[in-house]
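Here's the structure, in structure tokens; my notes come after.
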Amino acid sequence: MIDKIMEIEIYGRKHKIRVKGEEDEQYINHLTSYVDQKMNEVATKSKSKDTIKIAILAALNIADECFLTQKKLDQLSEVIGEMESKMESLEGHISKNENKRKNFKEAPK
């Protein structure tokens with residue numbers, strides 16, 4: 001696995017970062033763009049010139065998005081689990097009804 005050095009720009013500052021060989025440069029650029037966008041949004045809203053404060057607030061905003069997304073995923077997983085249980089129950093009822101119907105049809109008249 002070969003590491004490579006990549007130059008990125010966030011909030012007007014260039015940085016060199018080391019990336020693992022399998023990481024896609026386009027993906028890293030996408031992440032860089034997202035962080036840059038968040039920092040610019042925070043700077044506009046806070047009207048702060050302190051780059052560290054802007055970076056910290058942007059990181060907190062990104063972390064908040066991450067946690068909210070994880071919470072939604074957890075809720076969706078729970079709903080999916082409930083739906084799977086209901087489907088299994090319905091399949092059981094359908095199977096029982098099919099067996100009853102089959103037995104009814106086969107019963108002597």
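Every chain in the structure tokens has a letter given in the order shown (A, B, ...), and although residue numbers restart at 1 in each chain, ligands are simply numbered from 1 in the order shown.
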Wanna dump the segment 20-109 of chain A-segment 3-12 of chain A contacts at 9 Å for me, each residue with its shortest atom pair and the distance in Å to one decimal, counting only C-alpha atoms, ordered by chain and number, as CSV?
residue,atom,partner,partner_atom,distance
A:Lys20,CA,A:Asp3,CA,4.5
A:Gly21,CA,A:Asp3,CA,5.1
A:Glu22,CA,A:Asp3,CA,8.6
A:Glu25,CA,A:Met6,CA,8.1
A:Ile28,CA,A:Ile8,CA,8.5
A:Asn29,CA,A:Ile8,CA,7.3
A:Thr32,CA,A:Ile10,CA,6.5
A:Ser33,CA,A:Ile10,CA,7.3
A:Val35,CA,A:Ile10,CA,7.0
A:Asp36,CA,A:Ile10,CA,4.8
A:Gln37,CA,A:Tyr11,CA,8.1
A:Met39,CA,A:Tyr11,CA,6.5
A:Asn40,CA,A:Tyr11,CA,6.8
A:Thr51,CA,A:Tyr11,CA,8.5
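Every protein, DNA or RNA residue with an atom at most 12 Å from Glu41 of chain A, where only C-alpha atoms count and chain neighbours fewer than 5 positions away do not, is listed here: Tyr11, Tyr34, Val35, Asp36, Ser46, Lys47, Ser48, Ile54, Ala55, Leu57, Ala58, Ala59, Asn61 and Ile62 of chain A.
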Export C-alpha atoms of the chosen residues as a PDB file, in the first residue's frame?
ATOM      1  CA  TYR A  11     -10.857  28.049   3.921  1.00  0.00           C
ATOM      2  CA  TYR A  34     -17.586  19.919   2.130  1.00  0.00           C
ATOM      3  CA  VAL A  35     -15.384  21.038   5.031  1.00  0.00           C
ATOM      4  CA  ASP A  36     -14.499  24.249   3.173  1.00  0.00           C
ATOM      5  CA  SER A  46     -20.599  34.030  13.180  1.00  0.00           C
ATOM      6  CA  LYS A  47     -18.807  36.955  11.544  1.00  0.00           C
ATOM      7  CA  SER A  48     -15.693  35.716  13.327  1.00  0.00           C
ATOM      8  CA  ILE A  54     -14.428  28.803  12.776  1.00  0.00           C
ATOM      9  CA  ALA A  55     -12.820  25.366  12.350  1.00  0.00           C
ATOM     10  CA  LEU A  57     -17.634  25.426  15.079  1.00  0.00           C
ATOM     11  CA  ALA A  58     -17.590  23.801  11.622  1.00  0.00           C
ATOM     12  CA  ALA A  59     -16.340  20.546  13.169  1.00  0.00           C
ATOM     13  CA  ASN A  61     -21.712  21.297  13.015  1.00  0.00           C
ATOM     14  CA  ILE A  62     -20.371  18.354  10.997  1.00  0.00           C
TER      15      ILE A  62
END
*asked:* Can you pull out every residue from chain A that DSSP, working from the backbone, puts in strand (DSSP E or B), and format the result as a PyMOL selection string?
replied: chain A and resi 4-10+13-19
*Give me, please, the distance in Å between atom CA of Lys96 of chain A and atom CA of Ser77 of chain A, quoted to one decimal.*
28.6 Å
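Taking atom CA of Gly81 of chain A and atom CA of Lys100 of chain A as endpoints, the distance between them is 28.7 Å.
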